[in-house]
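Q: Can you keep this structure in mind? I'll have questions shortly.
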Amino acid sequence: MVFRPTASLIALGFVLAVVGCGGSGKSSSGAATTTTAAPPGALEALWRQAGEDVAVVPGTSDYGVGKNRVSFLIVDKQSQLIERPQARVWIARGLKQKPFAETTATLEPIGIPGGVKADAQNIYVTTLETPAPGKYWILAEPIGGKKIQALGNLVIRKHAAAPEVGDRAIPSRNPTVAPGAPVKSVRAATTAEPPDLNLLRTTVAAAMAAKRPFVVTFATPLYCQTRTCGPVVQVIQSVARDWQDKGVEFIHVEIFRDNDPAKGTNRWVDEWTLPTEPFTFVVDRTGVIRTRFEGAFSPAELEAAVRKVAT
């Protein structure tokens with residue numbers, strides 16, 4: 001398995017590179033400089049309308065046929081994040097084709113107040129229906145303020161690499177830590193600071209055997225290259241406080257073998273065939289995945305997902 005850091009909240013240097021190549025071929029006056037006209041109503045025609053044109057900075061990348069949670073950032077050419085409450089989103093099978101669907105993306109806060117700061121504090125999230133494998137193009141336009149359009153694409157496979165909604169969870173026997181365990185044992189199980197033993201008290205296999213709904217997050221707060229794993233684990237902790245006493249388990253699993261990036265991913269990440277990190281799954285009492293989050297997400301998103309499996 002080829003493992004790569006998640007695209008969520010790309011480090012600033014990469015954001016700048018994306019922004020630098022994000023134009024649509026317009027001159028400084030806004031006129032199109034290419035000679036090939038896009039058909040009226042085509043996605044490219046929408047992109048070439050008046051306004052600043054940039055590229056979508058993706059926060060998710062592992063997609064299969066069907067409904068997909070898609071997250072992204074929009075950054076203008078001055079390297080400023082564009083963060084408005086909502087953005088219109090169109091999706092098409094090609095730049096020269098008309099969009100077959102239009103929806104809205106909502107700006108979701110990442111992390112918790114006073115917690116670890118990620119490279120961005122918010123991210124756009126939407127759900128898109130992709131009926132067949134192949135490349136799809138999306139156009140996102142934040143609502144309000146100066147007009148800016150962000151163009152990007154999604155590569156849809158027949159099945160995502162990581163387990164999908166509706167799949168049965170993998171009964172992993174991930175590391176656990178008993179109360180009063182020595183510091184060495186705790187540090188071997190988590191790089192979170194401070195460590196939260198409530199997230200290390202059971203395995204996925206045990207939760208499934210007990211028919212308890214659970215949340216499992218695969219993340220490495222210390223070694224995450226895009227500073228999203230610390231906020232993700234803190235979101236898990238914040239929601240766990242309200243639900244662990246109501247019969248929902250919350251489990252944190254590290255990414256690297258012996259917590260050493262040089263050694264590659266550990267057996268539990270490999271069991272779940274995760275192509276990126278962090279990755280979080282919400283599983284019902286029958287062991288079926290009901291929600292999955294690639295990359296960063298908001299406490300409200302997780303709360304809503306947990307509520308569905310807890311009832």
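Scheme for the structure tokens: letters A, B, ... for chains in order shown; per-chain residue numbers from 1; ligand numbers from 1 in order shown.
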Pull the alpha helix (DSSP H) assignments for region 35-204 of chain A out of DSSP run on the backbone, and list those residues as a PyMOL selection string.
A: chain A and resi 43-47+183-189+204
Q: So that I can check the surroundings of region 34-50 of chain A, please list as an mmCIF file with C-alpha atoms, in the first residue's frame every protein, DNA and RNA residue that reaches within 9 Å of it, counting only C-alpha atoms and ignoring chain neighbours fewer than 5 positions away.
A:
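Written out: selection25.cif:
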data_model
loop_
_atom_site.group_PDB
_atom_site.id
_atom_site.type_symbol
_atom_site.label_atom_id
_atom_site.label_comp_id
_atom_site.auth_asym_id
_atom_site.auth_seq_id
_atom_site.Cartn_x
_atom_site.Cartn_y
_atom_site.Cartn_z
ATOM 1 C CA SER A 24 -8.259 30.007 -16.358
ATOM 2 C CA GLY A 25 -6.437 31.773 -19.119
ATOM 3 C CA LYS A 26 -7.934 35.229 -18.537
ATOM 4 C CA TRP A 90 -21.464 22.344 -9.743
ATOM 5 C CA ILE A 91 -20.308 18.922 -10.971
ATOM 6 C CA ALA A 92 -19.861 17.726 -14.560
ATOM 7 C CA GLY A 94 -16.100 17.129 -18.447
ATOM 8 C CA LEU A 95 -15.097 20.790 -18.735
ATOM 9 C CA LYS A 96 -17.010 21.127 -21.997
ATOM 10 C CA GLN A 97 -20.114 19.466 -20.566
ATOM 11 C CA LYS A 98 -23.010 21.001 -18.696
ATOM 12 C CA PRO A 99 -23.156 20.281 -14.971
ATOM 13 C CA TRP A 137 -14.955 18.204 -12.622
ATOM 14 C CA ILE A 138 -16.282 20.489 -9.913
ATOM 15 C CA LEU A 139 -16.644 24.248 -9.723
ATOM 16 C CA LYS A 147 -16.625 36.758 -7.062
ATOM 17 C CA ILE A 148 -14.153 33.907 -7.092
ATOM 18 C CA GLN A 149 -14.488 30.502 -8.748
ATOM 19 C CA ALA A 150 -12.393 27.440 -7.870
ATOM 20 C CA LEU A 151 -12.029 24.548 -10.298
#
Q: What lies within 9 Å of region 251-255 of chain A using only C-alpha atoms, ignoring chain neighbours under 3 positions off, as a PyMOL selection string?
A: chain A and resi 174-175+189-191+198-204+214-221+223+233+236+259-261+264-269+277-278
Q: Pick out the closest residue to Phe100 (chain A) from this set: A:Gly287, A:Pro163, A:Pro131, A:Pro113. Count only C-alpha atoms.
A: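 Distance minimum relative to Phe100 (chain A) lands on A:Pro131.
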Q: Using only C-alpha atoms, which of the listed residues (A:Gly59, A:Gly134, A:Pro142, A:Gly66) sits closest to Glu83 (chain A)?
A: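 So, comparing all the options, the nearest one is A:Pro142.
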Q: Would you work out the distance separating CA of Val165 (chain A) from CA of Arg292 (chain A), expressed in Å to one decimal?
A: 6.6 Å
Q: Need the shell around Tyr63 (chain A): protein/DNA/RNA residues with any atom at most 10 Å away, counting only C-alpha atoms. Skip same-chain ones fewer than 2 positions apart. Format as a list in words?
A: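 Using only C-alpha atoms, the neighbours found are Thr60, Ser61, Val65, Gly66, Lys67, Asn68, Arg69, Val70, Thr130, Pro133, Leu154, Val155, Ile156, Arg157, Lys158, His159, Ala160, Ala161, Ala162, Glu164 and Glu294 of chain A.
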Q: Identify, on the basis of only C-alpha atoms, every residue whose closest approach to Arg84 (chain A) does not exceed 12 Å; exclude the query and any residue fewer than 5 positions from it along the same chain; express the result as a list in words.
A: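 What passes the distance filter is Leu73, Ile74, Val75, Thr104, Ala105, Thr106, Leu107, Glu108, Pro109, Asn122, Ile123, Tyr124, Ala140, Glu141, Pro142, Ile143, Gly144, Gly145, Lys146, Lys147 and Ile148 of chain A.
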Q: Residues at most 9 Å from Arg290 (chain A), counting only C-alpha atoms, excluding those fewer than 3 positions away in the same chain, as JSON, numbers by chain?
A: {"A": [164, 165, 166, 167, 281, 282, 283, 284, 305, 308, 309]}
Q: Mind pulling up the distance from CA of Phe72 (chain A) to CA of Ala101 (chain A)?
A: 17.9 Å
Q: Any idea what the distance is between CA of Gly152 (chain A) and CA of Ala300 (chain A)?
A: 26.1 Å
Q: Using DSSP on the backbone, list every residue of region 104-217 of chain A that comes out as strand (DSSP E), and give them as a ChimeraX atom specification.
A: /A:104-109,122-130,134-142,148-157,214-217
